[in-house]
Amino acid sequence: MIRDDVQLRYGTVAMIFHWVIAALLIANIALGLYFADLPHSDPWKFELTQWHKSIGLTVLTLSILRLAWRLAHPAPPLPTGMYWGLRVAARASHYLFYFLIVAIPLTGWIMVSASPLGLPTRYFHLFDWPNLWFMADLHRDQKLAWHDTLESVHNTLAWSAIVLIPIHVAAALYHQFIRRDDLLWRMLPRRRARLESAQ
Ligand code: HEM
């Protein structure tokens with residue numbers, strides 16, 4: 001009985017990855033939408049860009065670690081009795097999230113590495129995060145072309161996350177409060193889950 005219960009929940013490390021990455025991703029979307037529209041003359045633009053890049057590179061690092069962890073620790077099975085179409089949608093959206101949490105920051109990193117301006121990335125003001133080496137030797141026009149393409153890709157992927165996040169949250173709430181299959185509690189710390197299910 002206890003063993004089944006353990007297997008049906010995410011482990012502590014998976015939960016920490018999930019909630020930390022989710023919080024940083026949402027914060028960085030808000031920051032990105034705000035600073036991208038500021039005029040270049042605004043003194044805050046440079047500082048906020050630095051924070052955006054630092055948070056994004058943290059998400060990239062954590063997401064790679066999370067993927068490695070996930071490969072070694074399979075997710076608990078989906079609740080029983082789910083219509084097959086919903087199962088496919090659930091699995092597809094999870095894979096899409098794994099793709100986005102790596103692809104969004106990676107395209108941001110390639111974009112700034114291609115920028116002909118060559119501005120530094122001061123990681124939380126601690127050290128200079130390097131640009132990607134394969135952009136360094138390109139001609140200025142090639143860099144500009146890469147930068148503009150990557151900017152569009154970065155923005156489109158970020159907008160995909162903006163659409164996907166509310167769908168993901170709505171699906172979790174639907175499971176928890178309408179289907180009542182306790183799906184949300186699988187991703188919450190044990191003590192809280194116990195307390196809630198006891199009520
Ligand atoms: C969690 C990861 C990230 C998220 C969710 C994210 C999200 C966003 C969003 C929503 C925008 C504004 C898009 C728009 O105006 O429509 C943006 C712009 C930008 N991001 Fe990111 N980003 C991430 C990581 C990064 C990283 C790692 C870098 C660079 C190292 C970066 C560099 C930039 C830059 C330079 C812009 C401004 C582009 C412009 O001027 O239009 N981002 N990002």
# chains A, B, ... in the order shown; residues from 1 in each chain; ligands from 1
>>> residues_around(residues="Leu119 in chain A", least_positions_apart="6", cutoff="10 Å", atoms="only C-alpha atoms", output="ChimeraX atom specification")
/A:46,50,112-113,131
>>> write_last_selection(atoms="N, CA, C and O atoms", output="PDB file, in the first residue's frame")
ATOM      1  N   PHE A  46      19.314  48.051 -19.924  1.00  0.00           N
ATOM      2  CA  PHE A  46      20.523  47.208 -19.853  1.00  0.00           C
ATOM      3  C   PHE A  46      20.473  46.323 -18.598  1.00  0.00           C
ATOM      4  O   PHE A  46      20.718  45.118 -18.655  1.00  0.00           O
ATOM      5  N   GLN A  50      20.154  42.192 -18.299  1.00  0.00           N
ATOM      6  CA  GLN A  50      21.120  41.343 -17.582  1.00  0.00           C
ATOM      7  C   GLN A  50      20.404  40.353 -16.659  1.00  0.00           C
ATOM      8  O   GLN A  50      20.764  39.181 -16.583  1.00  0.00           O
ATOM      9  N   VAL A 112      21.953  36.380 -28.356  1.00  0.00           N
ATOM     10  CA  VAL A 112      22.876  37.405 -27.838  1.00  0.00           C
ATOM     11  C   VAL A 112      24.321  37.108 -28.254  1.00  0.00           C
ATOM     12  O   VAL A 112      25.120  38.021 -28.434  1.00  0.00           O
ATOM     13  N   SER A 113      24.638  35.823 -28.475  1.00  0.00           N
ATOM     14  CA  SER A 113      25.993  35.490 -28.938  1.00  0.00           C
ATOM     15  C   SER A 113      26.207  35.998 -30.359  1.00  0.00           C
ATOM     16  O   SER A 113      27.336  36.287 -30.757  1.00  0.00           O
ATOM     17  N   ASN A 131      29.841  34.002 -24.466  1.00  0.00           N
ATOM     18  CA  ASN A 131      28.999  33.829 -25.654  1.00  0.00           C
ATOM     19  C   ASN A 131      29.364  32.512 -26.313  1.00  0.00           C
ATOM     20  O   ASN A 131      30.449  31.965 -26.069  1.00  0.00           O
TER      21      ASN A 131
END
>>> residues_around(residues="Tyr95 in chain A", least_positions_apart="5", cutoff="12 Å", atoms="only C-alpha atoms", output="PyMOL selection string")
chain A and resi 67+70+75+88-90+100-102+164
>>> write_last_selection(atoms="all heavy atoms", output="PDB file, in the first residue's frame")
ATOM      1  N   LEU A  67      16.171  17.241 -17.128  1.00  0.00           N
ATOM      2  CA  LEU A  67      15.997  16.219 -18.166  1.00  0.00           C
ATOM      3  C   LEU A  67      16.800  14.962 -17.839  1.00  0.00           C
ATOM      4  O   LEU A  67      16.317  13.842 -17.990  1.00  0.00           O
ATOM      5  CB  LEU A  67      16.447  16.775 -19.522  1.00  0.00           C
ATOM      6  CG  LEU A  67      15.387  17.571 -20.289  1.00  0.00           C
ATOM      7  CD1 LEU A  67      15.976  18.122 -21.575  1.00  0.00           C
ATOM      8  CD2 LEU A  67      14.198  16.661 -20.613  1.00  0.00           C
ATOM      9  N   ARG A  70      15.064  13.198 -15.106  1.00  0.00           N
ATOM     10  CA  ARG A  70      13.819  12.567 -15.587  1.00  0.00           C
ATOM     11  C   ARG A  70      14.111  11.279 -16.365  1.00  0.00           C
ATOM     12  O   ARG A  70      13.365  10.307 -16.260  1.00  0.00           O
ATOM     13  CB  ARG A  70      13.090  13.586 -16.470  1.00  0.00           C
ATOM     14  CG  ARG A  70      11.895  13.085 -17.207  1.00  0.00           C
ATOM     15  CD  ARG A  70      10.732  12.818 -16.255  1.00  0.00           C
ATOM     16  NE  ARG A  70       9.533  12.498 -17.021  1.00  0.00           N
ATOM     17  CZ  ARG A  70       9.345  11.384 -17.696  1.00  0.00           C
ATOM     18  NH1 ARG A  70      10.272  10.456 -17.682  1.00  0.00           N
ATOM     19  NH2 ARG A  70       8.239  11.171 -18.360  1.00  0.00           N
ATOM     20  N   ALA A  75       8.465   9.248 -14.766  1.00  0.00           N
ATOM     21  CA  ALA A  75       7.336   9.902 -14.081  1.00  0.00           C
ATOM     22  C   ALA A  75       6.309   8.848 -13.673  1.00  0.00           C
ATOM     23  O   ALA A  75       6.207   7.798 -14.308  1.00  0.00           O
ATOM     24  CB  ALA A  75       6.687  10.906 -15.025  1.00  0.00           C
ATOM     25  N   VAL A  88      -3.003  11.310 -24.583  1.00  0.00           N
ATOM     26  CA  VAL A  88      -2.063  11.755 -25.616  1.00  0.00           C
ATOM     27  C   VAL A  88      -1.770  13.244 -25.430  1.00  0.00           C
ATOM     28  O   VAL A  88      -0.612  13.691 -25.471  1.00  0.00           O
ATOM     29  CB  VAL A  88      -2.643  11.479 -27.029  1.00  0.00           C
ATOM     30  CG1 VAL A  88      -1.780  12.106 -28.112  1.00  0.00           C
ATOM     31  CG2 VAL A  88      -2.786   9.978 -27.261  1.00  0.00           C
ATOM     32  N   ALA A  89      -2.844  14.030 -25.171  1.00  0.00           N
ATOM     33  CA  ALA A  89      -2.660  15.478 -25.003  1.00  0.00           C
ATOM     34  C   ALA A  89      -1.773  15.768 -23.794  1.00  0.00           C
ATOM     35  O   ALA A  89      -0.886  16.645 -23.842  1.00  0.00           O
ATOM     36  CB  ALA A  89      -4.016  16.159 -24.847  1.00  0.00           C
ATOM     37  N   ALA A  90      -1.998  15.014 -22.708  1.00  0.00           N
ATOM     38  CA  ALA A  90      -1.202  15.238 -21.491  1.00  0.00           C
ATOM     39  C   ALA A  90       0.271  14.942 -21.755  1.00  0.00           C
ATOM     40  O   ALA A  90       1.153  15.761 -21.454  1.00  0.00           O
ATOM     41  CB  ALA A  90      -1.728  14.362 -20.359  1.00  0.00           C
ATOM     42  N   LEU A 100      10.426  23.300 -24.537  1.00  0.00           N
ATOM     43  CA  LEU A 100      10.431  24.764 -24.399  1.00  0.00           C
ATOM     44  C   LEU A 100      11.393  25.255 -23.318  1.00  0.00           C
ATOM     45  O   LEU A 100      12.064  26.273 -23.506  1.00  0.00           O
ATOM     46  CB  LEU A 100       9.008  25.264 -24.085  1.00  0.00           C
ATOM     47  CG  LEU A 100       8.011  25.176 -25.241  1.00  0.00           C
ATOM     48  CD1 LEU A 100       6.604  25.565 -24.769  1.00  0.00           C
ATOM     49  CD2 LEU A 100       8.426  26.069 -26.405  1.00  0.00           C
ATOM     50  N   ILE A 101      11.479  24.527 -22.201  1.00  0.00           N
ATOM     51  CA  ILE A 101      12.339  25.032 -21.115  1.00  0.00           C
ATOM     52  C   ILE A 101      13.818  24.967 -21.492  1.00  0.00           C
ATOM     53  O   ILE A 101      14.648  25.633 -20.876  1.00  0.00           O
ATOM     54  CB  ILE A 101      12.064  24.329 -19.754  1.00  0.00           C
ATOM     55  CG1 ILE A 101      12.294  22.824 -19.848  1.00  0.00           C
ATOM     56  CG2 ILE A 101      10.685  24.660 -19.252  1.00  0.00           C
ATOM     57  CD1 ILE A 101      12.102  22.084 -18.513  1.00  0.00           C
ATOM     58  N   VAL A 102      14.145  24.164 -22.506  1.00  0.00           N
ATOM     59  CA  VAL A 102      15.529  24.162 -23.011  1.00  0.00           C
ATOM     60  C   VAL A 102      15.639  25.122 -24.209  1.00  0.00           C
ATOM     61  O   VAL A 102      16.552  25.953 -24.286  1.00  0.00           O
ATOM     62  CB  VAL A 102      15.973  22.746 -23.432  1.00  0.00           C
ATOM     63  CG1 VAL A 102      17.326  22.785 -24.126  1.00  0.00           C
ATOM     64  CG2 VAL A 102      16.047  21.828 -22.218  1.00  0.00           C
ATOM     65  N   LEU A 164       0.729  27.851 -23.442  1.00  0.00           N
ATOM     66  CA  LEU A 164       0.697  26.498 -22.867  1.00  0.00           C
ATOM     67  C   LEU A 164       0.541  26.508 -21.335  1.00  0.00           C
ATOM     68  O   LEU A 164      -0.117  25.624 -20.768  1.00  0.00           O
ATOM     69  CB  LEU A 164       1.978  25.758 -23.265  1.00  0.00           C
ATOM     70  CG  LEU A 164       1.981  24.247 -23.078  1.00  0.00           C
ATOM     71  CD1 LEU A 164       0.875  23.589 -23.897  1.00  0.00           C
ATOM     72  CD2 LEU A 164       3.340  23.663 -23.501  1.00  0.00           C
TER      73      LEU A 164
END
>>> closest_residue(among="A:Val153, A:Leu183, A:Ile55, A:Leu86", to="ligand 1", atoms="only C-alpha atoms and all ligand atoms")
A:Ile55
>>> residues_near_ligand(ligand="ligand 1", cutoff="8 Å", atoms="only C-alpha atoms and all ligand atoms", output="PyMOL selection string")
chain A and resi 21+24-37+49+52-60+101-102+104-113+121+151-152+154-156+158-159+161-162
>>> residues_around(residues="Ala68 in chain A", least_positions_apart="6", cutoff="12 Å", atoms="only C-alpha atoms", output="ChimeraX atom specification")
/A:13-14,17,61-62,74,98
>>> closest_residue(among="A:Ser115, A:Phe124, A:Leu71, A:Ser63", to="Trp51 in chain A", atoms="only C-alpha atoms")
A:Phe124
